[in-house]
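Next up, my_file09.pdb (PDB, C-alpha atoms, pLDDT in the B column):
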ATOM      1  CA  MET A 896     -19.374  -5.344  13.348  1.00 97.00           C
ATOM      2  CA  THR A 897     -18.778  -8.699  11.708  1.00 98.00           C
ATOM      3  CA  SER A 898     -19.074  -9.988   8.168  1.00 98.00           C
ATOM      4  CA  VAL A 899     -18.510 -13.207   6.244  1.00 98.00           C
ATOM      5  CA  GLY A 900     -18.384 -13.585   2.487  1.00 98.00           C
ATOM      6  CA  TYR A 901     -17.870 -16.348  -0.061  1.00 98.00           C
ATOM      7  CA  SER A 902     -17.075 -15.860  -3.732  1.00 97.00           C
ATOM      8  CA  GLU A 903     -15.760 -17.720  -6.738  1.00 97.00           C
ATOM      9  CA  LYS A 904     -13.839 -16.394  -9.716  1.00 95.00           C
ATOM     10  CA  ALA A 905     -13.278 -18.211 -12.989  1.00 96.00           C
ATOM     11  CA  PRO A 906      -9.842 -17.910 -14.634  1.00 96.00           C
ATOM     12  CA  SER A 907      -9.741 -15.195 -17.287  1.00 95.00           C
ATOM     13  CA  MET A 908      -9.123 -15.925 -20.947  1.00 96.00           C
ATOM     14  CA  HIS A 909      -5.826 -14.055 -20.577  1.00 95.00           C
ATOM     15  CA  ASP A 910      -4.743 -16.340 -17.714  1.00 96.00           C
ATOM     16  CA  GLN A 911      -5.628 -19.441 -19.718  1.00 96.00           C
ATOM     17  CA  ASN A 912      -4.749 -18.595 -23.316  1.00 96.00           C
ATOM     18  CA  LEU A 913      -1.848 -16.119 -23.251  1.00 95.00           C
ATOM     19  CA  ALA A 914       0.635 -17.306 -25.886  1.00 95.00           C
ATOM     20  CA  LEU A 915       4.273 -17.637 -24.876  1.00 93.00           C
ATOM     21  CA  GLN A 916       6.097 -14.319 -25.244  1.00 92.00           C
ATOM     22  CA  THR A 917       9.680 -13.491 -24.358  1.00 89.00           C
ATOM     23  CA  THR A 918      11.661 -10.291 -24.066  1.00 87.00           C
ATOM     24  CA  SER A 919      14.770  -8.883 -22.422  1.00 81.00           C
ATOM     25  CA  LEU A 920      14.546  -6.504 -19.472  1.00 76.00           C
ATOM     26  CA  TYR A 921      17.218  -3.861 -19.121  1.00 67.00           C
ATOM     27  CA  GLU A 922      18.505  -1.596 -16.402  1.00 57.00           C
ATOM     28  CA  GLY A 923      19.911   1.859 -17.075  1.00 52.00           C
ATOM     29  CA  ILE A 924      23.031   3.007 -15.228  1.00 50.00           C
ATOM     30  CA  ASP A 925      23.858   6.620 -16.166  1.00 50.00           C
ATOM     31  CA  SER A 926      24.281   6.452 -19.945  1.00 51.00           C
ATOM     32  CA  THR A 927      25.050   2.704 -19.998  1.00 52.00           C
ATOM     33  CA  ILE A 928      22.353   0.092 -20.674  1.00 50.00           C
ATOM     34  CA  THR A 929      22.972  -3.261 -18.997  1.00 56.00           C
ATOM     35  CA  GLN A 930      20.842  -6.335 -19.704  1.00 55.00           C
ATOM     36  CA  ILE A 931      19.846  -8.023 -16.453  1.00 66.00           C
ATOM     37  CA  PHE A 932      17.706 -11.032 -17.444  1.00 73.00           C
ATOM     38  CA  GLY A 933      15.381 -12.588 -19.994  1.00 85.00           C
ATOM     39  CA  TYR A 934      11.675 -12.536 -19.232  1.00 88.00           C
ATOM     40  CA  ALA A 935       8.828 -14.750 -20.450  1.00 92.00           C
ATOM     41  CA  ASP A 936       5.185 -15.369 -19.598  1.00 94.00           C
ATOM     42  CA  VAL A 937       2.555 -17.824 -20.788  1.00 95.00           C
ATOM     43  CA  GLY A 938      -1.030 -18.823 -19.870  1.00 96.00           C
ATOM     44  CA  ASN A 939      -2.164 -22.042 -18.217  1.00 96.00           C
ATOM     45  CA  LYS A 940      -5.166 -23.917 -19.710  1.00 95.00           C
ATOM     46  CA  THR A 941      -5.489 -26.216 -16.666  1.00 96.00           C
ATOM     47  CA  LEU A 942      -6.472 -23.483 -14.195  1.00 97.00           C
ATOM     48  CA  LYS A 943      -9.404 -24.174 -11.864  1.00 96.00           C
ATOM     49  CA  PRO A 944     -11.889 -21.561 -10.551  1.00 97.00           C
ATOM     50  CA  GLU A 945     -10.713 -19.636  -7.502  1.00 97.00           C
ATOM     51  CA  LYS A 946     -12.767 -19.912  -4.285  1.00 97.00           C
ATOM     52  CA  GLN A 947     -12.544 -17.397  -1.423  1.00 97.00           C
ATOM     53  CA  LEU A 948     -13.987 -17.464   2.101  1.00 98.00           C
ATOM     54  CA  VAL A 949     -13.277 -14.249   4.014  1.00 97.00           C
ATOM     55  CA  GLY A 950     -14.425 -13.045   7.433  1.00 98.00           C
ATOM     56  CA  SER A 951     -13.862  -9.803   9.328  1.00 98.00           C
ATOM     57  CA  PHE A 952     -14.470  -8.388  12.792  1.00 98.00           C
ATOM     58  CA  MET A 953     -14.290  -4.785  13.992  1.00 98.00           C
ATOM     59  CA  TYR A 954     -14.832  -3.345  17.470  1.00 97.00           C
ATOM     60  CA  GLU A 955     -14.688   0.374  18.240  1.00 97.00           C
ATOM     61  CA  TYR A 956     -14.923   1.899  21.713  1.00 97.00           C
ATOM     62  CA  GLY A 957     -15.398   5.582  22.430  1.00 96.00           C
ATOM     63  CA  SER A 958     -16.778   8.650  20.679  1.00 94.00           C
ATOM     64  CA  GLN A 959     -16.347   9.923  17.147  1.00 88.00           C
ATOM     65  CA  LYS A 960     -13.274  11.995  18.087  1.00 89.00           C
ATOM     66  CA  ASN A 961     -11.817   9.788  20.839  1.00 95.00           C
ATOM     67  CA  ASN A 962     -11.915   6.082  20.185  1.00 97.00           C
ATOM     68  CA  LEU A 963      -9.944   2.874  20.032  1.00 97.00           C
ATOM     69  CA  ARG A 964     -10.577   0.518  17.121  1.00 97.00           C
ATOM     70  CA  PHE A 965      -9.535  -3.115  16.752  1.00 98.00           C
ATOM     71  CA  SER A 966     -10.138  -5.015  13.533  1.00 98.00           C
ATOM     72  CA  ALA A 967      -9.224  -8.414  12.169  1.00 98.00           C
ATOM     73  CA  THR A 968      -9.654  -9.931   8.728  1.00 98.00           C
ATOM     74  CA  GLY A 969      -8.836 -13.484   7.730  1.00 97.00           C
ATOM     75  CA  GLY A 970      -9.679 -16.034   5.149  1.00 97.00           C
ATOM     76  CA  LEU A 971      -8.964 -19.033   2.983  1.00 97.00           C
ATOM     77  CA  ILE A 972      -8.373 -18.965  -0.748  1.00 96.00           C
ATOM     78  CA  ASN A 973      -8.636 -22.388  -2.379  1.00 96.00           C
ATOM     79  CA  ASP A 974      -7.126 -22.752  -5.849  1.00 96.00           C
ATOM     80  CA  GLY A 975      -6.151 -19.076  -5.774  1.00 95.00           C
ATOM     81  CA  ILE A 976      -4.946 -17.858  -9.183  1.00 95.00           C
ATOM     82  CA  ASN A 977      -1.618 -16.074  -9.057  1.00 91.00           C
ATOM     83  CA  TRP A 978       1.425 -15.640 -11.293  1.00 91.00           C
ATOM     84  CA  TYR A 979       4.606 -17.356 -10.116  1.00 88.00           C
ATOM     85  CA  GLN A 980       8.162 -17.240 -11.346  1.00 86.00           C
ATOM     86  CA  THR A 981      10.202 -20.281 -12.384  1.00 86.00           C
ATOM     87  CA  ASP A 982      13.652 -20.411 -13.949  1.00 87.00           C
ATOM     88  CA  THR A 983      13.728 -22.220 -17.280  1.00 86.00           C
ATOM     89  CA  THR A 984      15.611 -22.471 -20.569  1.00 85.00           C
ATOM     90  CA  ILE A 985      13.910 -21.937 -23.942  1.00 80.00           C
ATOM     91  CA  ASN A 986      15.895 -22.062 -27.204  1.00 79.00           C
ATOM     92  CA  LEU A 987      19.135 -22.144 -25.205  1.00 77.00           C
ATOM     93  CA  GLN A 988      18.185 -18.875 -23.454  1.00 78.00           C
ATOM     94  CA  SER A 989      17.867 -18.747 -19.667  1.00 83.00           C
ATOM     95  CA  LEU A 990      14.572 -17.118 -18.756  1.00 86.00           C
ATOM     96  CA  LYS A 991      12.521 -16.196 -15.738  1.00 87.00           C
ATOM     97  CA  LEU A 992       9.137 -17.632 -16.745  1.00 91.00           C
ATOM     98  CA  PHE A 993       5.938 -16.337 -15.153  1.00 93.00           C
ATOM     99  CA  ILE A 994       2.915 -18.633 -15.315  1.00 95.00           C
ATOM    100  CA  PRO A 995      -0.441 -18.577 -13.422  1.00 96.00           C
ATOM    101  CA  LYS A 996      -1.023 -21.442 -10.978  1.00 95.00           C
ATOM    102  CA  ASN A 997      -3.721 -22.594  -8.558  1.00 96.00           C
ATOM    103  CA  VAL A 998      -2.469 -22.292  -4.985  1.00 94.00           C
ATOM    104  CA  ASP A 999      -4.129 -22.517  -1.546  1.00 95.00           C
ATOM    105  CA  ILE A1000      -3.525 -19.423   0.596  1.00 94.00           C
ATOM    106  CA  LYS A1001      -4.418 -18.651   4.222  1.00 96.00           C
ATOM    107  CA  PHE A1002      -4.151 -15.115   5.571  1.00 96.00           C
ATOM    108  CA  VAL A1003      -5.000 -12.974   8.594  1.00 97.00           C
ATOM    109  CA  ASP A1004      -4.586  -9.265   9.249  1.00 97.00           C
ATOM    110  CA  PHE A1005      -4.802  -7.461  12.627  1.00 98.00           C
ATOM    111  CA  GLN A1006      -5.085  -3.695  13.026  1.00 98.00           C
ATOM    112  CA  LEU A1007      -5.204  -1.416  16.069  1.00 98.00           C
ATOM    113  CA  LYS A1008      -5.930   2.310  15.753  1.00 97.00           C
ATOM    114  CA  GLN A1009      -6.307   5.087  18.327  1.00 97.00           C
ATOM    115  CA  LYS A1010      -7.885   8.512  17.724  1.00 95.00           C
ATOM    116  CA  LEU A1011      -7.420  11.194  20.365  1.00 95.00           C
ATOM    117  CA  ALA A1012      -8.686  14.803  20.389  1.00 94.00           C
ATOM    118  CA  LEU A1013      -6.902  17.184  22.768  1.00 92.00           C
ATOM    119  CA  GLY A1014      -9.241  20.143  22.953  1.00 87.00           C
ATOM    120  CA  GLU A1015     -10.272  21.969  19.782  1.00 86.00           C
ATOM    121  CA  TRP A1016      -6.726  22.482  18.501  1.00 93.00           C
ATOM    122  CA  LEU A1017      -5.013  19.110  18.324  1.00 96.00           C
ATOM    123  CA  ASN A1018      -6.113  15.740  16.941  1.00 96.00           C
ATOM    124  CA  LEU A1019      -3.820  12.712  17.168  1.00 97.00           C
ATOM    125  CA  SER A1020      -4.036   9.304  15.554  1.00 97.00           C
ATOM    126  CA  MET A1021      -1.764   6.267  15.783  1.00 97.00           C
ATOM    127  CA  GLY A1022      -1.949   2.658  14.790  1.00 98.00           C
ATOM    128  CA  SER A1023      -0.218  -0.556  13.887  1.00 98.00           C
ATOM    129  CA  ALA A1024      -0.935  -3.601  11.740  1.00 98.00           C
ATOM    130  CA  TYR A1025       0.322  -7.165  11.504  1.00 98.00           C
ATOM    131  CA  HIS A1026      -0.049  -9.291   8.353  1.00 96.00           C
ATOM    132  CA  PHE A1027       0.324 -13.073   8.086  1.00 95.00           C
ATOM    133  CA  ILE A1028       0.149 -15.030   4.828  1.00 93.00           C
ATOM    134  CA  ASP A1029       0.670 -18.782   4.397  1.00 93.00           C
ATOM    135  CA  ASN A1030       1.191 -19.698   0.748  1.00 89.00           C
ATOM    136  CA  ASP A1031       1.300 -23.442   0.018  1.00 86.00           C
ATOM    137  CA  TYR A1032       3.372 -22.860  -3.117  1.00 82.00           C
ATOM    138  CA  THR A1033       6.245 -20.818  -1.693  1.00 82.00           C
ATOM    139  CA  ASP A1034       7.531 -19.055   1.420  1.00 82.00           C
ATOM    140  CA  PHE A1035       8.782 -16.215  -0.772  1.00 80.00           C
ATOM    141  CA  LYS A1036       6.695 -13.077  -0.140  1.00 82.00           C
ATOM    142  CA  PRO A1037       7.961 -10.130  -2.216  1.00 82.00           C
ATOM    143  CA  TYR A1038       6.858  -6.644  -1.135  1.00 87.00           C
ATOM    144  CA  GLN A1039       4.998  -7.894   1.947  1.00 89.00           C
ATOM    145  CA  PRO A1040       6.166  -6.397   5.268  1.00 92.00           C
ATOM    146  CA  GLU A1041       4.810  -8.296   8.259  1.00 94.00           C
ATOM    147  CA  TYR A1042       4.059  -5.172  10.288  1.00 95.00           C
ATOM    148  CA  GLN A1043       3.513  -1.446   9.875  1.00 96.00           C
ATOM    149  CA  MET A1044       3.053   1.490  12.273  1.00 97.00           C
ATOM    150  CA  PHE A1045       2.131   5.149  12.008  1.00 97.00           C
ATOM    151  CA  PHE A1046       1.677   8.230  14.180  1.00 97.00           C
ATOM    152  CA  GLY A1047       0.022  11.437  13.005  1.00 97.00           C
ATOM    153  CA  GLY A1048      -1.242  14.754  14.283  1.00 97.00           C
ATOM    154  CA  GLU A1049      -3.279  17.710  13.059  1.00 96.00           C
ATOM    155  CA  LEU A1050      -3.217  21.241  14.455  1.00 97.00           C
ATOM    156  CA  HIS A1051      -6.334  23.287  13.739  1.00 95.00           C
ATOM    157  CA  TYR A1052      -6.977  26.974  14.461  1.00 95.00           C
ATOM    158  CA  TYR A1053     -10.067  28.918  13.484  1.00 93.00           C
ATOM    159  CA  TRP A1054      -9.197  32.533  12.652  1.00 92.00           C
ATOM    160  CA  LYS A1055     -12.528  34.083  13.502  1.00 90.00           C
ATOM    161  CA  GLN A1056     -11.774  37.615  12.229  1.00 91.00           C
ATOM    162  CA  LYS A1057     -10.933  36.295   8.730  1.00 88.00           C
ATOM    163  CA  ILE A1058     -13.359  33.327   8.811  1.00 91.00           C
ATOM    164  CA  VAL A1059     -10.467  31.017   7.903  1.00 95.00           C
ATOM    165  CA  ASP A1060      -9.548  27.553   9.235  1.00 95.00           C
ATOM    166  CA  LEU A1061      -5.780  26.961   9.445  1.00 96.00           C
ATOM    167  CA  TYR A1062      -4.302  23.440   9.513  1.00 97.00           C
ATOM    168  CA  ALA A1063      -0.863  21.904  10.020  1.00 97.00           C
ATOM    169  CA  TYR A1064      -0.273  18.162   9.553  1.00 96.00           C
ATOM    170  CA  GLY A1065       2.489  15.759  10.434  1.00 97.00           C
ATOM    171  CA  GLU A1066       2.844  11.976  10.280  1.00 97.00           C
ATOM    172  CA  ALA A1067       5.524   9.334  10.732  1.00 97.00           C
ATOM    173  CA  ILE A1068       5.113   6.024   8.893  1.00 95.00           C
ATOM    174  CA  TYR A1069       7.140   2.864   9.493  1.00 95.00           C
ATOM    175  CA  ALA A1070       7.122  -0.306   7.406  1.00 92.00           C
ATOM    176  CA  GLY A1071       8.923  -3.402   8.654  1.00 93.00           C
ATOM    177  CA  PRO A1072      11.692  -5.068   6.652  1.00 92.00           C
ATOM    178  CA  TYR A1073      10.765  -6.967   3.489  1.00 90.00           C
ATOM    179  CA  SER A1074      12.407  -7.993   0.210  1.00 87.00           C
ATOM    180  CA  GLY A1075      11.659  -7.781  -3.493  1.00 83.00           C
ATOM    181  CA  TYR A1076      12.193 -10.283  -6.294  1.00 75.00           C
ATOM    182  CA  PHE A1077      15.990  -9.908  -6.127  1.00 73.00           C
ATOM    183  CA  ASP A1078      16.369 -10.383  -2.343  1.00 70.00           C
ATOM    184  CA  GLU A1079      17.352  -6.750  -1.919  1.00 76.00           C
ATOM    185  CA  PRO A1080      16.605  -5.642   1.687  1.00 83.00           C
ATOM    186  CA  LEU A1081      13.760  -3.130   1.603  1.00 87.00           C
ATOM    187  CA  GLY A1082      11.663  -1.186   4.083  1.00 87.00           C
ATOM    188  CA  ASP A1083      12.726  -0.907   7.738  1.00 90.00           C
ATOM    189  CA  ASN A1084      12.681   2.895   7.735  1.00 87.00           C
ATOM    190  CA  VAL A1085      10.607   5.808   8.997  1.00 92.00           C
ATOM    191  CA  THR A1086       9.162   8.352   6.571  1.00 91.00           C
ATOM    192  CA  ILE A1087       7.926  11.729   7.821  1.00 95.00           C
ATOM    193  CA  ASN A1088       5.339  13.682   5.829  1.00 96.00           C
ATOM    194  CA  THR A1089       4.064  17.167   6.658  1.00 97.00           C
ATOM    195  CA  GLY A1090       1.517  19.580   5.231  1.00 97.00           C
ATOM    196  CA  LEU A1091      -0.154  22.979   5.580  1.00 97.00           C
ATOM    197  CA  ALA A1092      -3.657  24.055   4.585  1.00 97.00           C
ATOM    198  CA  PHE A1093      -6.196  26.804   4.942  1.00 95.00           C
ATOM    199  CA  GLN A1094      -9.920  26.616   4.327  1.00 95.00           C
ATOM    200  CA  MET A1095     -12.556  29.284   3.656  1.00 93.00           C
ATOM    201  CA  LYS A1096     -16.043  27.776   3.742  1.00 88.00           C
ATOM    202  CA  ARG A1097     -15.977  25.227   0.876  1.00 90.00           C
ATOM    203  CA  PHE A1098     -12.583  26.172  -0.563  1.00 93.00           C
ATOM    204  CA  ARG A1099      -9.351  24.602   0.702  1.00 94.00           C
ATOM    205  CA  PHE A1100      -5.753  25.129  -0.389  1.00 97.00           C
ATOM    206  CA  TYR A1101      -3.098  22.618   0.734  1.00 96.00           C
ATOM    207  CA  TYR A1102       0.677  22.185   0.398  1.00 97.00           C
ATOM    208  CA  ILE A1103       2.193  18.751   1.134  1.00 96.00           C
ATOM    209  CA  PHE A1104       5.836  17.790   1.821  1.00 95.00           C
ATOM    210  CA  GLN A1105       6.457  14.061   1.402  1.00 92.00           C
ATOM    211  CA  ASN A1106       9.612  12.606   2.981  1.00 91.00           C
ATOM    212  CA  SER A1107      10.164  15.943   4.732  1.00 91.00           C
ATOM    213  CA  MET A1108      13.500  14.838   6.247  1.00 88.00           C
ATOM    214  CA  SER A1109      14.826  13.579   2.868  1.00 85.00           C
ATOM    215  CA  VAL A1110      15.512  10.123   4.324  1.00 83.00           C
ATOM    216  CA  TYR A1111      17.148   7.629   1.950  1.00 80.00           C
ATOM    217  CA  ARG A1112      14.548   4.994   1.022  1.00 76.00           C
ATOM    218  CA  THR A1113      14.366   1.904  -1.174  1.00 76.00           C
ATOM    219  CA  ASN A1114      10.731   0.891  -1.593  1.00 74.00           C
ATOM    220  CA  PHE A1115      11.178  -1.661  -4.374  1.00 75.00           C
ATOM    221  CA  ASP A1116      13.995  -3.245  -6.392  1.00 73.00           C
ATOM    222  CA  GLY A1117      16.198  -0.708  -8.155  1.00 69.00           C
ATOM    223  CA  ASN A1118      14.292   2.334  -6.877  1.00 72.00           C
ATOM    224  CA  ASN A1119      16.309   4.535  -4.530  1.00 72.00           C
ATOM    225  CA  SER A1120      14.733   7.731  -3.225  1.00 70.00           C
ATOM    226  CA  PHE A1121      16.399  10.223  -0.920  1.00 72.00           C
ATOM    227  CA  GLY A1122      14.807  13.551  -1.850  1.00 79.00           C
ATOM    228  CA  GLN A1123      11.813  15.507  -0.662  1.00 85.00           C
ATOM    229  CA  PHE A1124       8.731  15.573  -2.872  1.00 89.00           C
ATOM    230  CA  SER A1125       6.282  18.454  -2.535  1.00 94.00           C
ATOM    231  CA  TYR A1126       3.020  19.344  -4.244  1.00 95.00           C
ATOM    232  CA  TYR A1127       0.041  21.637  -3.733  1.00 96.00           C
ATOM    233  CA  GLY A1128      -3.587  21.699  -4.763  1.00 97.00           C
ATOM    234  CA  ILE A1129      -7.092  22.927  -4.055  1.00 96.00           C
ATOM    235  CA  SER A1130     -10.405  21.374  -3.092  1.00 93.00           C
ATOM    236  CA  TRP A1131     -13.640  23.207  -3.812  1.00 92.00           C
ATOM    237  CA  TYR A1132     -16.939  21.626  -2.820  1.00 88.00           C
ATOM    238  CA  PHE A1133     -19.972  22.799  -4.802  1.00 85.00           C
ATOM    239  CA  ILE A1134     -22.507  20.175  -3.617  1.00 78.00           C
ATOM    240  CA  ASN A1135     -23.392  19.056  -0.077  1.00 68.00           C
TER     241      ASN A1135
END
Write out the structure in this file as structure tokens.
Amino acid sequence: MTSVGYSEKAPSMHDQNLALQTTSLYEGIDSTITQIFGYADVGNKTLKPEKQLVGSFMYEYGSQKNNLRFSATGGLINDGINWYQTDTTINLQSLKLFIPKNVDIKFVDFQLKQKLALGEWLNLSMGSAYHFIDNDYTDFKPYQPEYQMFFGGELHYYWKQKIVDLYAYGEAIYAGPYSGYFDEPLGDNVTINTGLAFQMKRFRFYYIFQNSMSVYRTNFDGNNSFGQFSYYGISWYFIN
């Protein structure tokens, strides 16, 4: 399957006419509040319309349960509208100013995914992705890992006497190293999620354990997570 698309987007009134506004951002440490920097943003009346040309290709070999899929997406964005940070001084106050600019961007994304069914009980899936972005304005790419990988499995057992489907899930997700706005090293860790479920006809109950191994993670600046998060819920389908 292939596709090609072209679109244009005019700058919004917010992007063009936002009046200058400043504030101070703070960080809380226990009961102490510490100011970290001054923040400001303002619109840009000189913005041009954004133009995008995007193409994609996908090839899948195999059956519905056992297949290998390769996909690629790439494109050009001319005069892309995005908000960028610059350091400036206004009224003797040092500020990080965010302002929208027109920038040319080239990008490509490759993905490879494998689905494998081992009998009626076990379904496996695994995959990886690589992302490349060339921004003419800056080489700084916050929150953009170059590659990601995952491996997952589902155990399924049909309890015929009770007319109940039983499920057990597990997955491992890896994101490559990346950084945020403050150059703090992020990513480069493996997160394991697990879950249990049972289904009776159209009713399903599930219980999910995110970060099952309680691995210490830092997904974005100033956010440290090292605990397990669990939740449960139901799905009930009333319409085909």
Got a sec: who's within 12 Å of Phe1035 (chain A), counting all atoms listed in the file, leaving out chain neighbours fewer than 3 positions off, as a CSV table (one decimal) with C-alpha atoms, keeping the file's coordinate frame?
chain,number,residue,atom,x,y,z
A,979,TYR,CA,4.6,-17.4,-10.1
A,980,GLN,CA,8.2,-17.2,-11.3
A,1028,ILE,CA,0.1,-15.0,4.8
A,1029,ASP,CA,0.7,-18.8,4.4
A,1030,ASN,CA,1.2,-19.7,0.7
A,1031,ASP,CA,1.3,-23.4,0.0
A,1032,TYR,CA,3.4,-22.9,-3.1
A,1038,TYR,CA,6.9,-6.6,-1.1
A,1039,GLN,CA,5.0,-7.9,1.9
A,1040,PRO,CA,6.2,-6.4,5.3
A,1073,TYR,CA,10.8,-7.0,3.5
A,1074,SER,CA,12.4,-8.0,0.2
A,1075,GLY,CA,11.7,-7.8,-3.5
A,1076,TYR,CA,12.2,-10.3,-6.3
A,1077,PHE,CA,16.0,-9.9,-6.1
A,1078,ASP,CA,16.4,-10.4,-2.3
Which residues, named as in the file, does the PyMOL selection byres ((chain A and resi 900-914) around 10) pick out? Answer as a ChimeraX atom specification.
/A:898-899,915-917,936-951,970-973,975-978,994-997
Using the chain letters and numbers from this file, what does the PyMOL selection byres ((chain A and resi 954-957) around 10) select? Give the answer as an MDAnalysis selection string.
chainID A and resid 896:897 952:953 958:967 1007:1011
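With distances taken over all atoms listed in the file, A:Ser1120 is the one residue among A:Ser1120, A:Gln988, A:Gln1056, A:Thr968 lying closest to Leu1081 (chain A).
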note - CA of Met1044 (chain A) and CA of Phe1005 (chain A) are separated by 11.9 Å
Would you list the contacts of Tyr1111 (chain A) as number ranges by chain, taking every protein, DNA or RNA residue within 10 Å and counting all atoms listed in the file, but skipping same-chain residues closer than 5 positions in sequence?
A: 1084-1086, 1106, 1119-1123
Could you expand the PyMOL selection byres ((chain A and resi 1053) around 10) into the explicit residues it covers here, written as an NGL selection string?
:A and (1015-1016 or 1051-1052 or 1054-1062 or 1093-1094)
Pairwise distance for CA of Phe1027 (chain A) and CA of Asp1083 (chain A), rounded to one decimal in Å
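It comes out at 17.4 Å.
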Extract, using only C-alpha atoms, all DNA, RNA and protein residues at most 7 Å from Leu990 (chain A), discarding same-chain residues fewer than 6 positions from it, and format them as a list of chain:residue names.
A:Phe932, A:Gly933, A:Tyr934, A:Ala935, A:Asp982, A:Thr983, A:Thr984
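If all atoms listed in the file are the atoms counted, then among A:Ile1068, A:Ala1024, A:Ile985, A:Val1003 the closest residue to Thr918 (chain A) is A:Ile985.
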Around region 1113-1121 of chain A, with edges along x, y and z and 3 Å added on all six sides, what centre and edge lengths do you get, in Å to one decimal, as AutoDock Vina command-line options?
--center_x 13.6 --center_y 3.5 --center_z -4.5 --size_x 11.7 --size_y 19.5 --size_z 13.2
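CA of Gln1105 (chain A) lies 24.2 Å from CA of Gln1006 (chain A).
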Pick the closest to Pro1072 (chain A) from A:Phe1115, A:Trp1131, A:Tyr1126, A:Phe1045: which is it, counting only C-alpha atoms?
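Result for the nearest residue to Pro1072 (chain A): A:Phe1115.
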